[in-house]
Amino acid sequence: MSTNQPAPATRSSGGDHPDARQLRTILITVSLALMAVIASVTGLNVAQTHMAVEFSASQSTVLWIINIYTLALAALLLPLGALGDRLGRKPMLVAGLGIFGVATVAAALAPTASVMLAARTVSGIGAAMIMPVTLAVITSTFPPEQRGKAIGVWTGVAGGGGILGMFLAALLVDVADWRWLFALPVVLILVALVMTLKSVPDSRETSAHRFDTVGALVSMIAVSGLIFVLQEGPERGWTAPVTLVSSTVGLVAAIGFVAWEAHRHDAGLLDVRLFRGRGLSAGSVTLLVVFGVQAGIGVLLFPFFQAVLGWSGLLSTVAMMPMALAMMTASGLAPKLAAGIGARSTMVVGIALAGVGMAFMALFVSVSGGYLSVLPGLLAMGVGMGLSMTPSTEAITASLPREKQGVASALNDVTREFGTALGVALLGALVSTGYRSAIDGRLHGIPDEAADTAREGVANAVEAAGGTGPHAQDLLQAAHQSFVDGWQQAMWAGAAIMGALLILIALRGPANTPSAAADASDPAEAVSAG
């Protein structure tokens with residue numbers, strides 16, 4: 001049982017009870033800021049080739065330009081979320097928006113890969129200042145009866161914003177220059193900054209304890225080490241020295257963080273005893289799995305659309321939009337459903353739908369069926385993820401006291417980042433393994449050099465097919481079908497994971513009472529709920 005007692009929090013601006021119009025403005029403001037952060041995670045994926053050519057950079061350097069942003073963001077979420085609680089959420093948001101905006105402009109104008117890497121690192125720092133505060137502002141400002149709806153909007157932006165951002169980035173790359181993809185986050189940041197200064201109230205924690213500097217540093221080492229492993233393991237190899245060292249450092253630091261925080265209790269960065277409660281543990285596990293599956297599916301869909309169906313990058317992002325729109329719509333509807341049947345039942349329904357969606361994509365995917373063979377699964381997954389993410393987020397934020405909402409939001413965000421990295425690594429590895437296993441028996445008669453290239457991946461096979469003369473069609477058919485085989489293997493694995501999560505949440509999910517998450521503001525109550 002937690003002994004955390006909420007310390008008094010003081011508001012420096014904005015009033016204690018904003019009216020409906022002010023609340024709507026606050027929600028729009030934090031959603032715009034969050035959208036800028038999320039869009040910057042995925043936007044550069046569509047410009048990899050352009051960066052490689054303009055900077056004369058290797059694929060490894062290009063991937064680092066993309067990944068360094070996520071690495072800095074994830075590593076700093078907990079410490080900066082905690083600082084936002086203490087220093088004031090509005091000042092932290094304003095500072096983060098300023099840093100993020102300047103760094104994004106620098107990235108757009110970067111003359112070299114080194115400058116781009118530095119700018120993306122600073123962007124990640126700014127994003128880590130912004131992201132936890134956006135949710136903390138909602139949970140500390142909105143009254144309990146409206147908090148669920150606001151969190152539903154926030155969750156929809158967090159879940160579907162990446163796909164929407166990738167679409168807009170692909171559109172800008174297609175019609176203009178790749179550097180214009182930075183225009184979207186810059187515009188969003190400028191609008192959010194003006195609205196923050198005008199409309200967002202300030203709230204901060206009054207604590208009797210000093211800031212947990214040791215916990216903050218150890219958490220940074222743990223998160224950066226483990227995220228690095230998940231990002232670089234597939235490329236460098238899971239047994240490479242740098243991978244093994246990073247995983248060891250990350251795991252040791254994670255164990256040290258838990259031990260330190262258990263010793264610090266109320267004075268720590270995060271009271272780890274709260275994970276005994278069903279709300280925090282079930283919400284965290286659900287977000288870890290759901291975001292992992294979403295990210296993994298996103299990575300697999302692009303080679304299916306581009307290498308198998310032969311679509312452009314822009315058309316491929318358009319094809320992802322139905323899932324994003326379904327997810328965002330369901331996230332907004334989830335609070336109403338939870339008010340009627342309870343948070344746990346809503347999560348169970350969502351997880352079941354997401355699992356059914358993955359099963360659909362395993363059963364019906366085919367080269368000849370094309371996009372329509374995966375669309376029903378994408379829609380089911382979008383609805384299912386939207387229904388499960390909102391009550392999960394509520395369960396996490398309700399498990400920590402009001403004045404610790406920056407930490408609660410940061411924990412929510414770190415869980416999402418870990419899930420994303422883990423899902424990409426796991427489902428990507430399953431597809432690669434399945435593809436290589438399936439294509440070996442389909443390369444008879446293909447020239448040896450082309451066959452060796454084809455074994456590396458479906459995109460490599462498509463590129464090699466042009467030089468095989470009469471064997472081109474056979475090689476393409478072999479590669480396409482082999483990718484589908486690997487895809488099915490990954491989808492069935494994902495469906496099994498969702499099934500295991502379904503059982504866990506059905507048995508150990510948060511309290512199944514309407515609006516339980518929104519009403520539980522005492523951490524002791526959150527621990528004992530359910």
# chains A, B, ... in the order shown; residues from 1 in each chain; ligands from 1
$ residues_around --residues "Leu325 (chain A)" --least-positions-apart "2" --cutoff "12 Å" --atoms "only C-alpha atoms" --output "list in words"
Gly156, Val157, Gly159, Gly160, Gly161, Gly162, Ile163, Leu164, Val318, Ala319, Met320, Met321, Pro322, Met323, Met327, Met328, Thr329, Ala330, Ser331, Gly332, Leu378, Leu379, Ala380, Met381, Gly382, Val383, Met385 and Gly386 of chain A
$ residues_around --residues "region 231-247 of chain A" --least-positions-apart "2" --cutoff "12 Å" --atoms "only C-alpha atoms" --output "PyMOL selection string"
chain A and resi 59-61+63-64+66-71+221-229+249-254+417-430+432-433
$ closest_atom_pairs --of "region 389-450 of chain A" --to "region 116-128 of chain A" --cutoff "12 Å" --atoms "only C-alpha atoms" --output "Markdown table"
| residue | atom | partner | partner_atom | distance |
| --- | --- | --- | --- | --- |
| A:Gly406 | CA | A:Ala128 | CA | 11.1 |
| A:Val407 | CA | A:Ala128 | CA | 11.8 |
| A:Ser409 | CA | A:Ala128 | CA | 10.9 |
| A:Ala410 | CA | A:Ala128 | CA | 8.5 |
| A:Leu411 | CA | A:Ala128 | CA | 11.7 |
| A:Asp413 | CA | A:Ala128 | CA | 9.3 |
| A:Val414 | CA | A:Ala128 | CA | 10.0 |
| A:Glu417 | CA | A:Ala128 | CA | 11.6 |
$ write_last_selection --atoms "N, CA and C atoms" --output "CSV table (one decimal), in the first residue's frame"
chain,number,residue,atom,x,y,z
A,406,GLY,N,2.9,15.2,-13.9
A,406,GLY,CA,4.0,15.2,-14.9
A,406,GLY,C,4.8,13.9,-14.9
A,407,VAL,N,5.0,13.3,-13.7
A,407,VAL,CA,5.6,12.0,-13.6
A,407,VAL,C,4.7,10.9,-14.2
A,409,SER,N,2.4,11.3,-16.5
A,409,SER,CA,2.4,11.4,-18.0
A,409,SER,C,3.7,10.9,-18.6
A,410,ALA,N,4.8,11.2,-17.9
A,410,ALA,CA,6.1,10.8,-18.4
A,410,ALA,C,6.2,9.3,-18.4
A,411,LEU,N,5.7,8.6,-17.4
A,411,LEU,CA,5.7,7.2,-17.3
A,411,LEU,C,4.8,6.6,-18.4
A,413,ASP,N,4.3,8.0,-21.3
A,413,ASP,CA,5.1,8.3,-22.5
A,413,ASP,C,6.2,7.3,-22.7
A,414,VAL,N,7.0,7.1,-21.6
A,414,VAL,CA,8.1,6.1,-21.7
A,414,VAL,C,7.6,4.7,-22.0
A,417,GLU,N,7.1,4.6,-25.7
A,417,GLU,CA,8.3,4.6,-26.5
A,417,GLU,C,9.0,3.2,-26.4
$ select_by_dssp --residues "region 343-395 of chain A" --states "alpha helix (DSSP H)" --output "ChimeraX atom specification"
/A:343-364,375-395
$ residues_around --residues "region 468-471 of chain A" --least-positions-apart "2" --cutoff "9 Å" --atoms "only C-alpha atoms" --output "MDAnalysis selection string"
chainID A and resid 445:447 450 464:466 473:476
$ write_last_selection --atoms "all heavy atoms" --output "mmCIF file, in the first residue's frame"
data_model
loop_
_atom_site.group_PDB
_atom_site.id
_atom_site.type_symbol
_atom_site.label_atom_id
_atom_site.label_comp_id
_atom_site.auth_asym_id
_atom_site.auth_seq_id
_atom_site.Cartn_x
_atom_site.Cartn_y
_atom_site.Cartn_z
ATOM 1 N N GLY A 445 16.766 -21.849 -60.039
ATOM 2 C CA GLY A 445 16.854 -21.305 -61.386
ATOM 3 C C GLY A 445 17.204 -19.837 -61.439
ATOM 4 O O GLY A 445 17.498 -19.302 -62.510
ATOM 5 N N ILE A 446 17.159 -19.147 -60.282
ATOM 6 C CA ILE A 446 17.513 -17.719 -60.231
ATOM 7 C C ILE A 446 19.039 -17.599 -60.164
ATOM 8 O O ILE A 446 19.691 -18.342 -59.423
ATOM 9 C CB ILE A 446 16.883 -17.045 -58.993
ATOM 10 C CG1 ILE A 446 15.366 -17.231 -58.985
ATOM 11 C CG2 ILE A 446 17.240 -15.563 -58.949
ATOM 12 C CD1 ILE A 446 14.647 -16.612 -60.154
ATOM 13 N N PRO A 447 19.663 -16.694 -60.941
ATOM 14 C CA PRO A 447 21.123 -16.516 -60.871
ATOM 15 C C PRO A 447 21.594 -16.315 -59.435
ATOM 16 O O PRO A 447 20.930 -15.663 -58.638
ATOM 17 C CB PRO A 447 21.356 -15.260 -61.722
ATOM 18 C CG PRO A 447 20.218 -15.260 -62.699
ATOM 19 C CD PRO A 447 19.048 -15.822 -61.953
ATOM 20 N N ALA A 450 21.780 -12.705 -57.883
ATOM 21 C CA ALA A 450 20.451 -12.138 -57.636
ATOM 22 C C ALA A 450 19.758 -12.848 -56.487
ATOM 23 O O ALA A 450 19.065 -12.228 -55.674
ATOM 24 C CB ALA A 450 19.602 -12.229 -58.906
ATOM 25 N N ALA A 464 16.818 -6.258 -57.420
ATOM 26 C CA ALA A 464 17.649 -7.212 -58.161
ATOM 27 C C ALA A 464 16.928 -7.817 -59.351
ATOM 28 O O ALA A 464 17.570 -8.257 -60.326
ATOM 29 C CB ALA A 464 18.119 -8.326 -57.221
ATOM 30 N N ALA A 465 15.593 -7.847 -59.307
ATOM 31 C CA ALA A 465 14.830 -8.517 -60.365
ATOM 32 C C ALA A 465 15.047 -7.878 -61.732
ATOM 33 O O ALA A 465 15.008 -8.564 -62.757
ATOM 34 C CB ALA A 465 13.349 -8.510 -60.015
ATOM 35 N N GLY A 466 15.304 -6.557 -61.732
ATOM 36 C CA GLY A 466 15.485 -5.873 -63.011
ATOM 37 C C GLY A 466 16.669 -6.373 -63.809
ATOM 38 O O GLY A 466 16.700 -6.208 -65.035
ATOM 39 N N GLN A 473 10.235 -12.121 -63.423
ATOM 40 C CA GLN A 473 8.901 -12.360 -62.892
ATOM 41 C C GLN A 473 8.902 -13.448 -61.830
ATOM 42 O O GLN A 473 8.198 -13.348 -60.810
ATOM 43 C CB GLN A 473 7.944 -12.719 -64.035
ATOM 44 C CG GLN A 473 6.471 -12.655 -63.649
ATOM 45 C CD GLN A 473 6.049 -11.277 -63.178
ATOM 46 O OE1 GLN A 473 6.514 -10.254 -63.676
ATOM 47 N NE2 GLN A 473 5.162 -11.234 -62.183
ATOM 48 N N ASP A 474 9.687 -14.487 -62.061
ATOM 49 C CA ASP A 474 9.776 -15.571 -61.074
ATOM 50 C C ASP A 474 10.353 -15.068 -59.757
ATOM 51 O O ASP A 474 9.873 -15.442 -58.675
ATOM 52 C CB ASP A 474 10.648 -16.710 -61.613
ATOM 53 C CG ASP A 474 10.009 -17.436 -62.793
ATOM 54 O OD1 ASP A 474 8.768 -17.377 -62.894
ATOM 55 O OD2 ASP A 474 10.746 -18.036 -63.594
ATOM 56 N N LEU A 475 11.377 -14.213 -59.837
ATOM 57 C CA LEU A 475 11.997 -13.688 -58.624
ATOM 58 C C LEU A 475 11.014 -12.784 -57.870
ATOM 59 O O LEU A 475 10.919 -12.857 -56.636
ATOM 60 C CB LEU A 475 13.268 -12.914 -58.983
ATOM 61 C CG LEU A 475 14.024 -12.277 -57.805
ATOM 62 C CD1 LEU A 475 14.349 -13.306 -56.731
ATOM 63 C CD2 LEU A 475 15.292 -11.593 -58.288
ATOM 64 N N LEU A 476 10.288 -11.958 -58.618
ATOM 65 C CA LEU A 476 9.317 -11.082 -57.963
ATOM 66 C C LEU A 476 8.220 -11.881 -57.272
ATOM 67 O O LEU A 476 7.841 -11.588 -56.127
ATOM 68 C CB LEU A 476 8.699 -10.125 -58.992
ATOM 69 C CG LEU A 476 9.590 -8.993 -59.502
ATOM 70 C CD1 LEU A 476 8.891 -8.217 -60.614
ATOM 71 C CD2 LEU A 476 9.974 -8.058 -58.364
#
